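To start, the structure under review is shown below, and the notes come after it.
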Amino acid sequence: MSDTYLGYLLASGALLLFTASILITKAASSRLDLGLGFLVATSTNVVFSALALLVQSQLRSDSLQWNLPAFCMFAAAGGFSTYLGRWFFYESVVRFGPAKASIFQISSPLFTAMMAWLLLGERLTLHVALGMVMAIAGLILVSCKPDAFSRRSSAAAVAADGEPAPAAVKLENSRAMQRLMQSVLILGMGSSLAYAIGNVLRGSAVRSWNEPVLGALIGATCGLVLQLAFSADKSGIASRLRAASRSGLALFSTIGVTTIAAQMCAIGAMRYIPLSVATLVTLCTPILVFPLSHLLFKNQDRITAITLAGSGLTLLGIAIIVMR
């Protein structure tokens, strides 16, 4: 198998694992507080990647070579992706559902491609660029709904979250800021940008230091440290864990396993194929999340002819990239 097809295989594995984590997040959020669940998932990231590194160390024939610049990039990537990106994304999944939360992940390959071009000098061929445009256009058709960003939708999201209506004495700009910060636009774009920055850092690091498992562990550890550092209730974490739903803890632990395994696959893919292409493949979650969420969560949007056309266009774009 060539290195290029190995990269596509790893990216496809990451896609499946990320899809599973999105769907599990929706189910888990009703059983456990999101903040506590995020902490459980991140802790599981560290434990699982440490175990994976231990197994790898027993199987590898060469010794580990230290690379400080790559270590720092993996750590920074953990801050952007494991902490900021995932926090934004989990919030959007809970507030707006897995299908709508996947919409803004579509823009991450574009941000990644732009950053990789500016910072790493990575260029795409015409066929790959065409395939990316087709795939992203298809994902927009799959995910985007006409009323996704309407004032009514934003208000409904706030009401569904249980927030009280602003007092009449509050300034209008305060109410507008509150709506903005709770909107799918801010949460989705924040997640997309954070993941794009993390992807560029990881891609640069793995190309100079081929240690995807260790890189995932470094990033997860950095994300956990940040989560604990900015947690508002550090002293009450132990008591909350004891009182938490066992099934909720199990689900968020499963999310931790799937997300860190997906990161390992994605980091490995970035060594063999362009960063933007690896990101595009791993984030084609809407074509899987949308039909699966429709089957699993009956209140999701219907699968229409536009959805099917978008899925076909996305798959065609991916085929053009892979068969170039």
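Here's how to read the names in the structure tokens: chain A, B, ... by the order shown, residue numbers from 1 in each chain, ligand numbers from 1 in the order shown.
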Near-segment 226-228 of chain A list (12 Å; only C-alpha atoms; drop same-chain fewer than 6 positions) as a list in words: Gly35, Leu36, Gly37, Phe38, Leu39, Val40, Ala41, Thr42, Ser43, Ala75, Ala76, Gly78, Gly79, Phe80, Ser81, Thr82, Tyr83, Leu84, Arg86, Trp87, Gly219, Ala220, Lys234, Ser235, Gly236 and Ile237 of chain A
Based on the selection just made, write C-alpha atoms of those residues as a PDB file, in the first residue's frame.
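Output file result-v7.pdb is given in full below:
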```pdb
ATOM      1  CA  GLY A  35     -18.917  20.414  31.790  1.00  0.00           C
ATOM      2  CA  LEU A  36     -18.424  17.290  33.864  1.00  0.00           C
ATOM      3  CA  GLY A  37     -18.807  15.084  30.813  1.00  0.00           C
ATOM      4  CA  PHE A  38     -16.181  17.103  28.962  1.00  0.00           C
ATOM      5  CA  LEU A  39     -13.794  16.552  31.882  1.00  0.00           C
ATOM      6  CA  VAL A  40     -14.490  12.813  31.849  1.00  0.00           C
ATOM      7  CA  ALA A  41     -13.941  12.593  28.084  1.00  0.00           C
ATOM      8  CA  THR A  42     -10.679  14.557  28.251  1.00  0.00           C
ATOM      9  CA  SER A  43      -9.413  12.450  31.149  1.00  0.00           C
ATOM     10  CA  ALA A  75       0.861  20.809  23.107  1.00  0.00           C
ATOM     11  CA  ALA A  76      -0.453  24.005  21.497  1.00  0.00           C
ATOM     12  CA  GLY A  78      -4.141  20.269  22.261  1.00  0.00           C
ATOM     13  CA  GLY A  79      -5.028  23.677  23.659  1.00  0.00           C
ATOM     14  CA  PHE A  80      -6.816  24.689  20.466  1.00  0.00           C
ATOM     15  CA  SER A  81      -8.458  21.363  19.517  1.00  0.00           C
ATOM     16  CA  THR A  82      -8.836  19.278  22.669  1.00  0.00           C
ATOM     17  CA  TYR A  83      -9.900  22.222  24.819  1.00  0.00           C
ATOM     18  CA  LEU A  84     -11.271  25.157  22.804  1.00  0.00           C
ATOM     19  CA  ARG A  86     -14.182  20.518  21.550  1.00  0.00           C
ATOM     20  CA  TRP A  87     -15.785  22.837  24.079  1.00  0.00           C
ATOM     21  CA  GLY A 219      -2.337  17.339  23.189  1.00  0.00           C
ATOM     22  CA  ALA A 220      -4.831  15.527  25.408  1.00  0.00           C
ATOM     23  CA  LYS A 234     -12.512  22.282  41.125  1.00  0.00           C
ATOM     24  CA  SER A 235     -13.250  21.321  44.737  1.00  0.00           C
ATOM     25  CA  GLY A 236     -16.625  19.806  43.883  1.00  0.00           C
ATOM     26  CA  ILE A 237     -15.493  17.594  41.015  1.00  0.00           C
TER      27      ILE A 237
END
```
Distance query segment 121-135 of chain A at most 10 Å, only C-alpha atoms, self and fewer than 5 positions along chain excluded, as a ChimeraX atom specification: /A:106,109-110,113-116,140-141,274-277,280-281,284,310-324
One-decimal distance in Å that lies between atom CA of Gly85 of chain A and atom CA of Leu249 of chain A: 21.1 Å
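Our summary of the geometry notes that atom CA of Arg31 of chain A is positioned 8.9 Å from atom CA of Arg246 of chain A.
Residues in contact range of Ser21 of chain A, defined as at most 9 Å between only C-alpha atoms, with sequence neighbours fewer than 3 positions away removed, read A:Leu16, A:Leu17, A:Phe18, A:Ile24, A:Thr25, A:Lys26, A:Phe252, A:Thr254, A:Ile255, A:Gly256, A:Val257, A:Thr258, A:Thr259.
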Neighbours of Ser208 of chain A within 10 Å (only C-alpha atoms; same-chain residues fewer than 4 positions away dropped), as a JSON list (two decimals) with C-alpha atoms, in the first residue's frame?
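What follows is the written file out_15.json:
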```json
[["chain", "number", "residue", "atom", "x", "y", "z"],
["A", 67, "ASN", "CA", 11.91, 16.81, 19.34],
["A", 69, "PRO", "CA", 9.65, 22.13, 18.69],
["A", 70, "ALA", "CA", 7.26, 19.34, 17.65],
["A", 203, "GLY", "CA", 0.39, 18.42, 10.68],
["A", 204, "SER", "CA", 3.56, 20.46, 10.99],
["A", 271, "ARG", "CA", 1.98, 12.88, 7.48]]
```
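Note that the spacing between atom CA of Glu91 of chain A and atom CA of Ala52 of chain A amounts to 28.4 Å.
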Residues near Thr279 of chain A, cut-off 8 Å, only C-alpha atoms, skip fewer than 4 positions along chain, as a ChimeraX atom specification: /A:11,108-109,112,199,266,275,283
Serialized selection, N, CA and C atoms, as a tab-separated table (two decimals), in the first residue's frame:
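out.tsv, freshly written:
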```tsv
chain	number	residue	atom	x	y	z
A	11	ALA	N	-7.41	8.64	7.47
A	11	ALA	CA	-8.41	9.71	7.53
A	11	ALA	C	-9.83	9.15	7.56
A	108	SER	N	-13.80	24.09	8.21
A	108	SER	CA	-12.47	23.83	8.77
A	108	SER	C	-11.43	23.46	7.71
A	109	PRO	N	-11.75	22.61	6.70
A	109	PRO	CA	-10.75	22.33	5.66
A	109	PRO	C	-10.30	23.57	4.90
A	112	THR	N	-7.97	25.39	7.17
A	112	THR	CA	-6.73	24.61	7.24
A	112	THR	C	-5.90	24.79	5.97
A	199	ASN	N	-5.14	21.61	13.64
A	199	ASN	CA	-4.75	20.71	12.55
A	199	ASN	C	-3.43	21.13	11.92
A	266	ALA	N	-6.10	10.80	12.51
A	266	ALA	CA	-6.00	12.04	11.75
A	266	ALA	C	-4.57	12.56	11.71
A	275	LEU	N	-2.68	18.52	4.46
A	275	LEU	CA	-3.45	18.77	5.68
A	275	LEU	C	-4.91	19.06	5.39
A	283	LEU	N	-13.67	15.31	8.36
A	283	LEU	CA	-14.81	16.12	8.76
A	283	LEU	C	-15.99	16.01	7.80
```
Please identify every residue of segment 178-266 of chain A that has at least one atom no farther than 10 Å from an atom of segment 59-64 of chain A, counting only C-alpha atoms, and for each give the shortest atom pair and the distance in Å to one decimal, arranged by chain then increasing number, as a Markdown table.
```
| residue | atom | partner | partner_atom | distance |
| --- | --- | --- | --- | --- |
| A:Trp209 | CA | A:Leu64 | CA | 9.9 |
| A:Asn210 | CA | A:Leu64 | CA | 10.0 |
| A:Glu211 | CA | A:Leu64 | CA | 8.8 |
| A:Leu214 | CA | A:Leu64 | CA | 10.0 |
```
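Using only C-alpha atoms for every distance, the candidate list A:Leu193, A:Ile273, A:Ile306, A:Ala20 yields A:Ile273 as the residue closest to Asp3 of chain A.
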All helix (DSSP H, G or I) residues (DSSP, backbone) inside segment 2-145 of chain A, as number ranges by chain: A: 3-28, 34-59, 68-96, 98-101, 104-120, 126-143
Residue neighbourhood Thr282 of chain A, 7 Å, only C-alpha atoms, exclusion window fewer than 4 positions, as a PyMOL selection string: chain A and resi 11-12+14-15+278
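Ranking A:Cys72, A:Leu241, A:Val142, A:Ile22 by their shortest atom-to-atom distance to Ile287 of chain A, with only C-alpha atoms included, puts A:Val142 first.
In terms of minimum interatomic distance to Ile186 of chain A, A:Ser92 ranks closest within A:Thr19, A:Ser247, A:Ser92, A:Gln56, counting only C-alpha atoms.
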